[in-house]
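The file my_file.txt comes next; it holds compact mmCIF, C-alpha atoms and all ligand atoms.
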# COMPACT_ATOMS: atom_id res chain seq x y z
CA MET U 1 14.02 -33.18 7.70
CA PRO U 2 12.74 -34.81 10.91
CA ILE U 3 9.14 -36.05 10.79
CA PRO U 4 6.87 -34.66 13.52
CA GLU U 5 5.06 -37.64 14.99
CA VAL U 6 1.26 -37.74 15.08
CA ASP U 7 -1.21 -40.38 16.31
CA LYS U 8 -2.40 -42.54 13.45
CA ILE U 9 -1.51 -43.72 9.96
CA TRP U 10 -3.99 -45.25 7.52
CA MET U 11 -2.61 -48.63 6.39
CA ASP U 12 -4.47 -51.01 4.11
CA GLY U 13 -7.87 -49.86 5.27
CA GLU U 14 -7.21 -49.41 8.97
CA LEU U 15 -5.99 -46.68 11.27
CA VAL U 16 -2.90 -47.94 13.06
CA ASP U 17 -0.77 -46.30 15.74
CA TRP U 18 2.14 -44.27 14.35
CA LYS U 19 4.71 -46.57 15.97
CA GLU U 20 3.01 -49.72 14.69
CA ALA U 21 3.01 -48.62 11.04
CA LYS U 22 5.67 -51.14 9.94
CA VAL U 23 6.51 -53.29 6.94
CA HIS U 24 8.55 -56.47 6.51
CA LEU U 25 12.28 -56.17 5.73
CA LEU U 26 11.78 -58.27 2.62
CA SER U 27 9.15 -55.96 1.16
CA HIS U 28 9.71 -55.79 -2.60
CA SER U 29 9.77 -51.99 -2.74
CA LEU U 30 12.50 -51.67 -0.10
CA HIS U 31 14.84 -53.62 -2.37
CA TYR U 32 13.80 -52.36 -5.80
CA GLY U 33 12.12 -48.98 -5.29
CA SER U 34 8.86 -50.38 -6.63
CA GLY U 35 6.46 -47.97 -4.99
CA VAL U 36 4.51 -44.93 -6.15
CA PHE U 37 3.58 -42.00 -3.98
CA GLU U 38 2.02 -38.56 -3.74
CA GLY U 39 2.70 -35.39 -1.81
CA ILE U 40 -0.41 -33.36 -0.98
CA ARG U 41 -1.14 -30.52 1.42
CA ALA U 42 -4.15 -29.64 3.55
CA TYR U 43 -4.53 -26.03 4.65
CA GLU U 44 -6.49 -24.34 7.39
CA THR U 45 -9.37 -22.34 5.88
CA PRO U 46 -12.30 -20.41 7.38
CA ARG U 47 -14.39 -23.56 6.73
CA GLY U 48 -11.93 -25.95 8.43
CA ALA U 49 -9.16 -28.08 6.97
CA ALA U 50 -9.23 -28.37 3.17
CA VAL U 51 -7.08 -30.59 0.99
CA PHE U 52 -5.74 -28.81 -2.09
CA ARG U 53 -6.68 -30.67 -5.29
CA LEU U 54 -6.87 -34.01 -3.48
CA THR U 55 -8.64 -35.82 -6.32
CA ASP U 56 -6.15 -34.56 -8.91
CA HIS U 57 -3.24 -35.79 -6.79
CA LEU U 58 -4.79 -39.21 -6.28
CA LYS U 59 -5.52 -39.49 -10.00
CA ARG U 60 -1.80 -38.96 -10.59
CA LEU U 61 -1.09 -41.74 -8.07
CA PHE U 62 -3.18 -44.09 -10.21
CA ARG U 63 -1.38 -42.92 -13.37
CA SER U 64 2.01 -43.55 -11.71
CA ALA U 65 0.85 -47.02 -10.66
CA ALA U 66 -0.34 -47.80 -14.20
CA ILE U 67 3.15 -47.12 -15.60
CA TYR U 68 4.48 -49.87 -13.32
CA ARG U 69 1.44 -52.13 -13.89
CA MET U 70 0.62 -51.90 -10.21
CA GLU U 71 -3.00 -52.49 -9.32
CA ILE U 72 -4.06 -50.37 -6.39
CA PRO U 73 -6.65 -52.40 -4.48
CA TYR U 74 -8.78 -49.33 -3.65
CA SER U 75 -10.86 -46.98 -5.75
CA LEU U 76 -10.14 -43.28 -6.19
CA GLU U 77 -13.21 -42.50 -4.04
CA GLU U 78 -12.00 -44.81 -1.26
CA LEU U 79 -8.60 -43.12 -1.15
CA VAL U 80 -10.20 -39.65 -1.14
CA GLU U 81 -12.26 -40.71 1.87
CA ALA U 82 -9.31 -42.45 3.59
CA THR U 83 -7.28 -39.23 3.31
CA LYS U 84 -10.01 -37.30 5.10
CA VAL U 85 -10.35 -40.05 7.72
CA VAL U 86 -6.66 -39.96 8.64
CA ILE U 87 -6.58 -36.15 8.84
CA ARG U 88 -9.63 -36.19 11.13
CA ALA U 89 -8.17 -39.02 13.24
CA ASN U 90 -5.12 -36.86 13.94
CA GLY U 91 -7.11 -33.67 14.51
CA LEU U 92 -4.87 -31.70 12.13
CA LYS U 93 -5.91 -28.31 10.73
CA SER U 94 -3.14 -28.27 8.17
CA CYS U 95 -0.65 -30.94 7.17
CA TYR U 96 1.41 -32.65 4.50
CA ILE U 97 -0.14 -35.86 3.19
CA ARG U 98 1.89 -38.79 1.89
CA PRO U 99 -0.09 -41.57 0.19
CA ILE U 100 2.09 -44.48 -0.93
CA ALA U 101 1.28 -47.68 -2.81
CA PHE U 102 4.08 -50.21 -2.81
CA ARG U 103 4.86 -53.79 -3.66
CA GLY U 104 5.00 -55.49 -0.30
CA TYR U 105 6.12 -58.75 1.23
CA GLY U 106 5.64 -62.03 -0.58
CA GLU U 107 7.98 -62.31 -3.52
CA MET U 108 11.52 -61.33 -4.44
CA GLY U 109 13.08 -60.90 -7.86
CA LEU U 110 12.54 -58.53 -10.68
CA HIS U 111 9.23 -59.84 -11.93
CA PRO U 112 7.04 -58.04 -9.42
CA LEU U 113 3.49 -58.86 -10.43
CA GLY U 114 3.07 -61.57 -7.79
CA ALA U 115 3.92 -59.34 -4.84
CA PRO U 116 0.97 -57.83 -2.96
CA VAL U 117 0.31 -54.09 -3.28
CA ASN U 118 0.02 -52.29 0.04
CA VAL U 119 -1.37 -48.80 0.42
CA ALA U 120 -0.82 -46.32 3.24
CA ILE U 121 -1.59 -42.66 3.88
CA ALA U 122 0.47 -40.76 6.43
CA VAL U 123 0.01 -37.15 7.51
CA TRP U 124 2.18 -34.81 9.52
CA PRO U 125 2.61 -31.08 10.04
CA TRP U 126 5.24 -29.82 7.61
CA GLY U 127 6.43 -26.22 7.43
CA ALA U 128 8.12 -24.41 4.56
CA TYR U 129 10.15 -27.05 2.66
CA LEU U 130 12.80 -24.58 1.46
CA GLY U 131 12.43 -22.30 4.49
CA GLU U 132 10.31 -19.23 5.29
CA GLU U 133 13.19 -17.01 4.18
CA GLY U 134 13.15 -18.81 0.85
CA ILE U 135 9.46 -18.11 0.31
CA ARG U 136 9.98 -14.41 1.10
CA HIS U 137 13.35 -13.62 -0.46
CA GLY U 138 14.12 -16.51 -2.79
CA VAL U 139 16.57 -19.40 -2.78
CA ARG U 140 19.94 -20.06 -4.35
CA ALA U 141 19.68 -22.81 -6.96
CA LYS U 142 22.40 -24.72 -8.72
CA ILE U 143 22.27 -26.92 -11.79
CA SER U 144 23.34 -30.39 -10.77
CA SER U 145 25.89 -32.41 -12.71
CA PHE U 146 23.42 -35.32 -12.51
CA ARG U 147 20.94 -35.45 -15.40
CA ARG U 148 17.22 -36.14 -14.97
CA ASN U 149 16.22 -39.79 -15.51
CA ASP U 150 15.52 -40.41 -19.17
CA PRO U 151 11.88 -41.25 -20.04
CA ASN U 152 13.11 -44.44 -21.68
CA ALA U 153 15.08 -45.48 -18.59
CA ILE U 154 13.05 -44.52 -15.52
CA PRO U 155 10.02 -42.47 -16.62
CA PRO U 156 9.89 -39.14 -14.77
CA ALA U 157 6.17 -39.02 -15.56
CA ALA U 158 5.61 -41.42 -12.68
CA LYS U 159 6.11 -40.44 -9.08
CA ALA U 160 7.85 -43.69 -8.18
CA THR U 161 9.92 -44.13 -5.03
CA GLY U 162 12.99 -45.56 -6.78
CA GLN U 163 13.32 -42.73 -9.27
CA TYR U 164 13.94 -40.28 -6.45
CA LEU U 165 17.49 -41.61 -6.12
CA ASN U 166 18.07 -39.30 -9.07
CA SER U 167 16.78 -36.25 -7.17
CA ILE U 168 18.66 -37.33 -4.04
CA LEU U 169 21.99 -37.35 -5.91
CA ALA U 170 21.29 -33.88 -7.25
CA LYS U 171 20.03 -32.50 -3.94
CA MET U 172 23.02 -33.81 -1.98
CA GLU U 173 25.46 -32.47 -4.52
CA VAL U 174 24.20 -28.90 -4.45
CA THR U 175 23.23 -28.56 -0.79
CA GLU U 176 26.62 -29.89 0.35
CA ALA U 177 28.13 -27.20 -1.90
CA GLY U 178 26.14 -24.52 -0.07
CA TYR U 179 23.11 -24.02 -2.35
CA ASP U 180 19.44 -24.44 -1.42
CA GLU U 181 18.04 -26.47 -4.28
CA ALA U 182 19.10 -28.42 -7.37
CA ILE U 183 17.86 -27.99 -10.92
CA LEU U 184 18.26 -30.97 -13.26
CA LEU U 185 18.83 -30.87 -16.99
CA ASN U 186 17.66 -33.78 -19.15
CA GLN U 187 19.88 -35.95 -21.35
CA HIS U 188 19.64 -33.34 -24.14
CA GLY U 189 20.73 -30.48 -21.93
CA TYR U 190 17.32 -28.84 -21.52
CA VAL U 191 15.97 -27.85 -18.12
CA ALA U 192 13.68 -30.56 -16.69
CA ASP U 193 12.79 -29.60 -13.14
CA GLY U 194 14.06 -29.12 -9.60
CA ALA U 195 14.92 -31.99 -7.26
CA GLY U 196 11.31 -31.83 -6.02
CA GLU U 197 9.76 -28.88 -7.84
CA ASN U 198 8.83 -27.56 -11.28
CA VAL U 199 10.68 -24.51 -12.59
CA PHE U 200 9.20 -21.32 -14.08
CA VAL U 201 10.94 -18.26 -15.54
CA VAL U 202 9.70 -14.81 -16.51
CA ARG U 203 11.31 -12.82 -19.31
CA ASN U 204 9.98 -9.59 -20.82
CA GLY U 205 6.59 -10.18 -19.21
CA PHE U 206 6.24 -13.75 -20.55
CA LEU U 207 5.98 -16.76 -18.29
CA TYR U 208 7.68 -20.01 -19.37
CA THR U 209 8.02 -23.52 -18.01
CA PRO U 210 9.53 -26.64 -19.62
CA PRO U 211 7.04 -29.07 -21.21
CA THR U 212 6.54 -32.45 -19.53
CA SER U 213 8.40 -34.01 -22.49
CA SER U 214 11.53 -32.44 -20.97
CA GLY U 215 11.21 -34.80 -18.03
CA ALA U 216 9.39 -32.31 -15.82
CA LEU U 217 6.76 -33.86 -13.59
CA GLU U 218 3.17 -32.94 -14.44
CA GLY U 219 2.98 -30.91 -11.24
CA ILE U 220 -0.34 -30.03 -9.69
CA THR U 221 1.11 -26.73 -8.44
CA ARG U 222 2.54 -26.15 -11.95
CA ASP U 223 -0.94 -26.61 -13.40
CA SER U 224 -2.43 -24.30 -10.75
CA VAL U 225 0.12 -21.59 -11.57
CA ILE U 226 -0.62 -21.88 -15.30
CA ARG U 227 -4.33 -21.38 -14.63
CA ILE U 228 -3.69 -18.45 -12.29
CA ALA U 229 -1.48 -16.85 -14.97
CA GLU U 230 -4.29 -17.31 -17.52
CA ASP U 231 -6.75 -15.55 -15.21
CA PHE U 232 -4.25 -12.72 -14.74
CA GLU U 233 -3.76 -12.62 -18.53
CA ILE U 234 -0.03 -13.11 -18.13
CA PRO U 235 1.20 -14.53 -21.46
CA PHE U 236 2.43 -18.08 -20.93
CA ARG U 237 4.15 -20.74 -23.01
CA GLU U 238 5.64 -24.17 -22.42
CA LYS U 239 9.14 -24.00 -23.88
CA ASP U 240 12.37 -25.95 -23.75
CA LEU U 241 14.83 -23.93 -21.69
CA VAL U 242 18.62 -24.07 -21.64
CA ARG U 243 20.68 -23.06 -18.63
CA THR U 244 21.29 -19.53 -19.93
CA ASP U 245 17.51 -18.97 -20.08
CA LEU U 246 17.69 -19.28 -16.30
CA TYR U 247 20.69 -16.92 -16.09
CA HIS U 248 18.90 -14.32 -18.21
CA ALA U 249 15.52 -14.59 -16.48
CA ASP U 250 13.94 -11.43 -15.08
CA GLU U 251 12.27 -13.66 -12.49
CA ALA U 252 12.27 -17.36 -11.70
CA PHE U 253 10.51 -19.61 -9.21
CA PHE U 254 9.96 -23.19 -8.10
CA THR U 255 6.53 -24.75 -7.64
CA GLY U 256 5.64 -27.90 -5.74
CA THR U 257 3.37 -29.20 -3.05
CA ALA U 258 6.04 -29.39 -0.37
CA ALA U 259 7.90 -26.28 -1.60
CA GLU U 260 4.73 -24.33 -2.54
CA ILE U 261 5.87 -21.27 -4.57
CA VAL U 262 9.48 -20.30 -3.95
CA PRO U 263 11.28 -17.52 -5.81
CA ILE U 264 14.75 -18.32 -7.20
CA ARG U 265 17.21 -15.60 -6.34
CA GLU U 266 20.30 -17.04 -8.02
CA VAL U 267 21.17 -19.82 -10.45
CA ASP U 268 24.80 -21.02 -10.56
CA ASP U 269 25.88 -17.81 -8.78
CA ARG U 270 24.26 -15.62 -11.45
CA LEU U 271 22.02 -13.13 -9.71
CA ILE U 272 18.34 -12.97 -10.65
CA GLY U 273 17.48 -10.87 -7.63
CA GLU U 274 14.67 -10.37 -5.14
CA PRO U 275 11.27 -11.84 -6.11
CA GLY U 276 9.76 -9.82 -8.98
CA PRO U 277 6.20 -8.56 -9.52
CA ILE U 278 4.84 -11.55 -11.47
CA THR U 279 6.26 -14.03 -8.97
CA ARG U 280 4.79 -12.02 -6.09
CA ARG U 281 1.38 -11.75 -7.71
CA ILE U 282 1.15 -15.46 -8.44
CA GLN U 283 2.51 -16.37 -5.02
CA GLU U 284 -0.01 -14.16 -3.20
CA LYS U 285 -2.88 -15.54 -5.26
CA PHE U 286 -1.78 -19.12 -4.63
CA PHE U 287 -1.64 -18.68 -0.85
CA ALA U 288 -5.02 -16.92 -0.84
CA ILE U 289 -6.53 -19.83 -2.80
CA VAL U 290 -5.14 -22.65 -0.67
CA LYS U 291 -6.18 -20.87 2.52
CA GLY U 292 -9.77 -20.56 1.28
CA ARG U 293 -9.68 -16.79 0.80
CA ASP U 294 -10.55 -16.80 -2.91
CA GLY U 295 -14.04 -17.98 -3.83
CA ASN U 296 -13.19 -18.27 -7.53
CA TYR U 297 -11.04 -21.32 -6.93
CA ASP U 298 -13.13 -23.04 -4.26
CA HIS U 299 -13.46 -26.11 -6.53
CA TRP U 300 -9.77 -26.83 -5.83
CA LEU U 301 -10.46 -27.27 -2.11
CA GLU U 302 -11.75 -30.59 -0.79
CA TYR U 303 -12.97 -30.03 2.75
CA VAL U 304 -12.14 -32.58 5.42
CA ASP U 305 -15.48 -32.05 7.25
N1 LIG U 401 8.95 -32.22 -9.83
C1 LIG U 401 9.37 -33.20 -8.97
C2 LIG U 401 10.56 -34.00 -9.32
C3 LIG U 401 8.67 -33.40 -7.77
O1 LIG U 401 9.08 -34.36 -6.94
C4 LIG U 401 7.56 -32.59 -7.47
C5 LIG U 401 6.80 -32.79 -6.18
C6 LIG U 401 7.16 -31.60 -8.40
C7 LIG U 401 7.90 -31.45 -9.57
C8 LIG U 401 5.95 -30.71 -8.16
O2 LIG U 401 4.74 -31.43 -8.26
P1 LIG U 401 3.44 -31.01 -7.45
O3 LIG U 401 3.70 -31.28 -6.01
O4 LIG U 401 2.36 -31.85 -7.99
O5 LIG U 401 3.22 -29.57 -7.72
N2 LIG U 401 7.58 -33.24 -5.08
C9 LIG U 401 6.93 -33.82 -3.92
C10 LIG U 401 7.90 -34.57 -3.02
C11 LIG U 401 8.89 -33.77 -2.27
C12 LIG U 401 9.68 -34.60 -1.26
O6 LIG U 401 10.70 -34.11 -0.78
O7 LIG U 401 9.27 -35.72 -0.92
C13 LIG U 401 6.12 -32.78 -3.15
O8 LIG U 401 6.30 -31.59 -3.34
O9 LIG U 401 5.28 -33.21 -2.35
Using the file provided, produce a representation of the structure as structure tokens.
Ligand code: PPE
Amino acid sequence: MPIPEVDKIWMDGELVDWKEAKVHLLSHSLHYGSGVFEGIRAYETPRGAAVFRLTDHLKRLFRSAAIYRMEIPYSLEELVEATKVVIRANGLKSCYIRPIAFRGYGEMGLHPLGAPVNVAIAVWPWGAYLGEEGIRHGVRAKISSFRRNDPNAIPPAAKATGQYLNSILAKMEVTEAGYDEAILLNQHGYVADGAGENVFVVRNGFLYTPPTSSGALEGITRDSVIRIAEDFEIPFREKDLVRTDLYHADEAFFTGTAAEIVPIREVDDRLIGEPGPITRRIQEKFFAIVKGRDGNYDHWLEYVD
């Protein structure tokens, strides 16, 4: 997807011009994938731009960094503030936010602890990741032949740049075959997650999603959906799912910051159908919350001004 250019990017404590936001060719992370990142969204609300669960996302950034023993040279509070600064500097009402901490220029080789850690936060307007049609009528998913990274190889609990090679292989495979999104199974054959989303299914009125031990990312949208389901008193359970649990689902959907909540219409050419009532209800609630139209969840919104 092309990136719509804006004015400024926050880099190591300063606002720099979009075109000047560069790194050295010998940056450690370019060679070894040794970076960690987040994907966050800000939405337009009646009280101005609000970032959805900003602090929770940045806490996950610090957890990802800890897995790779990367010391981020800023505090959580400083990065919360920097995110608001860069949104204000670009005058955006709604946007996608991409914080990244990466091992920069200074050392090569596989022992990375001597390389400096750089931090940047970029923002840009980003529309529906899997398309507006997808949000309304659902997408066609396919299970990739590539398995999710094993927790004892490249931990999927981190959001590290290098591990996304795994999602890229899966995504390319299924989109080139004509599908919209990939679902990855783990090394044991259980559903982990989508290329860039968590997966939920509904069967006989129950809502299920794989546990994080399956290799599913601890998604912030996933957590939001679980809490919305609780408030709606929709019975919910984390459960290991096999591929036929997807085929037999009454409803299924993806959740993610970029994707938001996207119904799954088909899996491996088995029809699930148009978005069902539970998917619709959760989807409507989610969009009302992020757009500041539901006072009960105001604590999830962190206002830019
Ligand atoms: N699983 C994976 C593998 C994943 O990458 C994401 C987010 C999720 C689940 C959902 O997590 P959350 O956003 O906290 O609900 N994927 C991010 C990157 C997408 C990209 O193309 O880049 C995102 O949605 O921002």
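Taking only C-alpha atoms and all ligand atoms into account, ligand LIG 401 (chain U) lies nearest to U:Glu38 out of the set U:Glu38, U:Asp268, U:Glu5, U:Asp305.
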Expected answer as a PDB file with C-alpha atoms, in the coordinates of the input: residues within 7 Å of ligand LIG 401 (chain U), all atoms listed in the file:
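What landed in result-v3.pdb:
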ATOM      1  CA  GLU U  38       2.020 -38.560  -3.740  1.00  0.00           C
ATOM      2  CA  GLY U  39       2.700 -35.390  -1.810  1.00  0.00           C
ATOM      3  CA  ILE U  40      -0.410 -33.360  -0.980  1.00  0.00           C
ATOM      4  CA  HIS U  57      -3.240 -35.790  -6.790  1.00  0.00           C
ATOM      5  CA  SER U 167      16.780 -36.250  -7.170  1.00  0.00           C
ATOM      6  CA  ASP U 193      12.790 -29.600 -13.140  1.00  0.00           C
ATOM      7  CA  GLY U 194      14.060 -29.120  -9.600  1.00  0.00           C
ATOM      8  CA  ALA U 195      14.920 -31.990  -7.260  1.00  0.00           C
ATOM      9  CA  GLY U 196      11.310 -31.830  -6.020  1.00  0.00           C
ATOM     10  CA  GLU U 197       9.760 -28.880  -7.840  1.00  0.00           C
ATOM     11  CA  ASN U 198       8.830 -27.560 -11.280  1.00  0.00           C
ATOM     12  CA  ALA U 216       9.390 -32.310 -15.820  1.00  0.00           C
ATOM     13  CA  LEU U 217       6.760 -33.860 -13.590  1.00  0.00           C
ATOM     14  CA  GLU U 218       3.170 -32.940 -14.440  1.00  0.00           C
ATOM     15  CA  GLY U 219       2.980 -30.910 -11.240  1.00  0.00           C
ATOM     16  CA  ILE U 220      -0.340 -30.030  -9.690  1.00  0.00           C
ATOM     17  CA  THR U 221       1.110 -26.730  -8.440  1.00  0.00           C
ATOM     18  CA  ARG U 222       2.540 -26.150 -11.950  1.00  0.00           C
ATOM     19  CA  THR U 255       6.530 -24.750  -7.640  1.00  0.00           C
ATOM     20  CA  GLY U 256       5.640 -27.900  -5.740  1.00  0.00           C
ATOM     21  CA  THR U 257       3.370 -29.200  -3.050  1.00  0.00           C
ATOM     22  CA  ALA U 258       6.040 -29.390  -0.370  1.00  0.00           C
ATOM     23  CA  ALA U 259       7.900 -26.280  -1.600  1.00  0.00           C
TER      24      ALA U 259
END
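Of the listed residues (U:Asn90, U:Val51, U:Ile121, U:Ser27), U:Ile121 comes nearest to U:Met11; the distances count all atoms listed in the file.
Closest approach to U:Asp17 among U:Arg281, U:Ile143, U:Val86, U:Lys291 is made by U:Val86 (distances from only C-alpha atoms).
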Margin query: Can you measure atom CA of U:Val225 to atom CA of U:Asp298 for me? One decimal in Å is fine.
Written below: 15.2 Å
Per-residue nearest contacts of stretch 92-114 of chain U to stretch 154-163 of chain U (12 Å; all atoms listed in the file) as a Markdown table:
| residue | atom | partner | partner_atom | distance |
| --- | --- | --- | --- | --- |
| U:Arg98 | CA | U:Lys159 | CA | 11.9 |
| U:Pro99 | CA | U:Lys159 | CA | 11.2 |
| U:Ile100 | CA | U:Thr161 | CA | 8.8 |
| U:Ala101 | CA | U:Ala160 | CA | 9.4 |
| U:Phe102 | CA | U:Thr161 | CA | 8.7 |
| U:Arg103 | CA | U:Thr161 | CA | 11.0 |
Next item on the list: For U:Leu15, please output as a VMD selection string all residues within 9 Å (counting only C-alpha atoms; exclusion window: fewer than 4 positions along the same chain).
Entry: chain U and resid 8 to 11 85 to 86 89
Margin query: Around the point (2.0, -55.0, -2.5) (coordinates from the file), which residues reach within 8 Å if we count all atoms listed in the file? Answer as an MDAnalysis selection string.
Written below: chainID U and resid 28 101:105 115:119
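Among the candidates U:Tyr190, U:Arg136, U:Ser145, U:Glu230, the residue lying nearest to U:Gln283 is U:Arg136 (atoms considered: all atoms listed in the file).
For U:Leu169, the list of residues within 9 Å, based on all atoms listed in the file and with local chain neighbours fewer than 4 positions off taken out, reads Ser144, Phe146, Tyr164, Leu165, Glu173, Val174 and Ala195 of chain U.
Shortest atom-to-atom contact with U:Asp245 among U:Arg227, U:Arg280, U:Arg69, U:Arg203: U:Arg203, counting all atoms listed in the file.
Interatomic distance, atom CA of U:Val139 against atom CA of U:Tyr179: 8.0 Å.
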Notebook entry, point to check: Pick the closest to U:Ile264 from U:Gly205, U:Gly138, U:Gly178, U:Pro277: which is it, counting all atoms listed in the file?
Noted result: U:Gly138
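Reported to one decimal place, the separation of atom CA of U:Ser213 from atom CA of U:Gln187 is 11.7 Å.
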Within 12 Å of U:Leu271, counting all atoms listed in the file, which residues show up once you throw out same-chain ones fewer than 3 positions away? Write them as a PDB file with C-alpha atoms, in the coordinates of the input, please.
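See part.pdb below for the written result:
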ATOM      1  CA  GLY U 138      14.120 -16.510  -2.790  1.00  0.00           C
ATOM      2  CA  VAL U 139      16.570 -19.400  -2.780  1.00  0.00           C
ATOM      3  CA  ARG U 140      19.940 -20.060  -4.350  1.00  0.00           C
ATOM      4  CA  ALA U 141      19.680 -22.810  -6.960  1.00  0.00           C
ATOM      5  CA  LYS U 142      22.400 -24.720  -8.720  1.00  0.00           C
ATOM      6  CA  LEU U 246      17.690 -19.280 -16.300  1.00  0.00           C
ATOM      7  CA  TYR U 247      20.690 -16.920 -16.090  1.00  0.00           C
ATOM      8  CA  HIS U 248      18.900 -14.320 -18.210  1.00  0.00           C
ATOM      9  CA  ALA U 249      15.520 -14.590 -16.480  1.00  0.00           C
ATOM     10  CA  ASP U 250      13.940 -11.430 -15.080  1.00  0.00           C
ATOM     11  CA  GLU U 251      12.270 -13.660 -12.490  1.00  0.00           C
ATOM     12  CA  ALA U 252      12.270 -17.360 -11.700  1.00  0.00           C
ATOM     13  CA  ILE U 264      14.750 -18.320  -7.200  1.00  0.00           C
ATOM     14  CA  ARG U 265      17.210 -15.600  -6.340  1.00  0.00           C
ATOM     15  CA  GLU U 266      20.300 -17.040  -8.020  1.00  0.00           C
ATOM     16  CA  VAL U 267      21.170 -19.820 -10.450  1.00  0.00           C
ATOM     17  CA  ASP U 268      24.800 -21.020 -10.560  1.00  0.00           C
ATOM     18  CA  GLU U 274      14.670 -10.370  -5.140  1.00  0.00           C
ATOM     19  CA  PRO U 275      11.270 -11.840  -6.110  1.00  0.00           C
TER      20      PRO U 275
END
Taking all atoms of stretch 269-273 of chain U that appear in the file, build a box with edges along x, y and z, extend it by 6 Å on every side, and state its centre and edge lengths in Å to one decimal, as JSON.
{"center_x": 21.7, "center_y": -14.3, "center_z": -9.5, "size_x": 20.4, "size_y": 18.9, "size_z": 15.8}
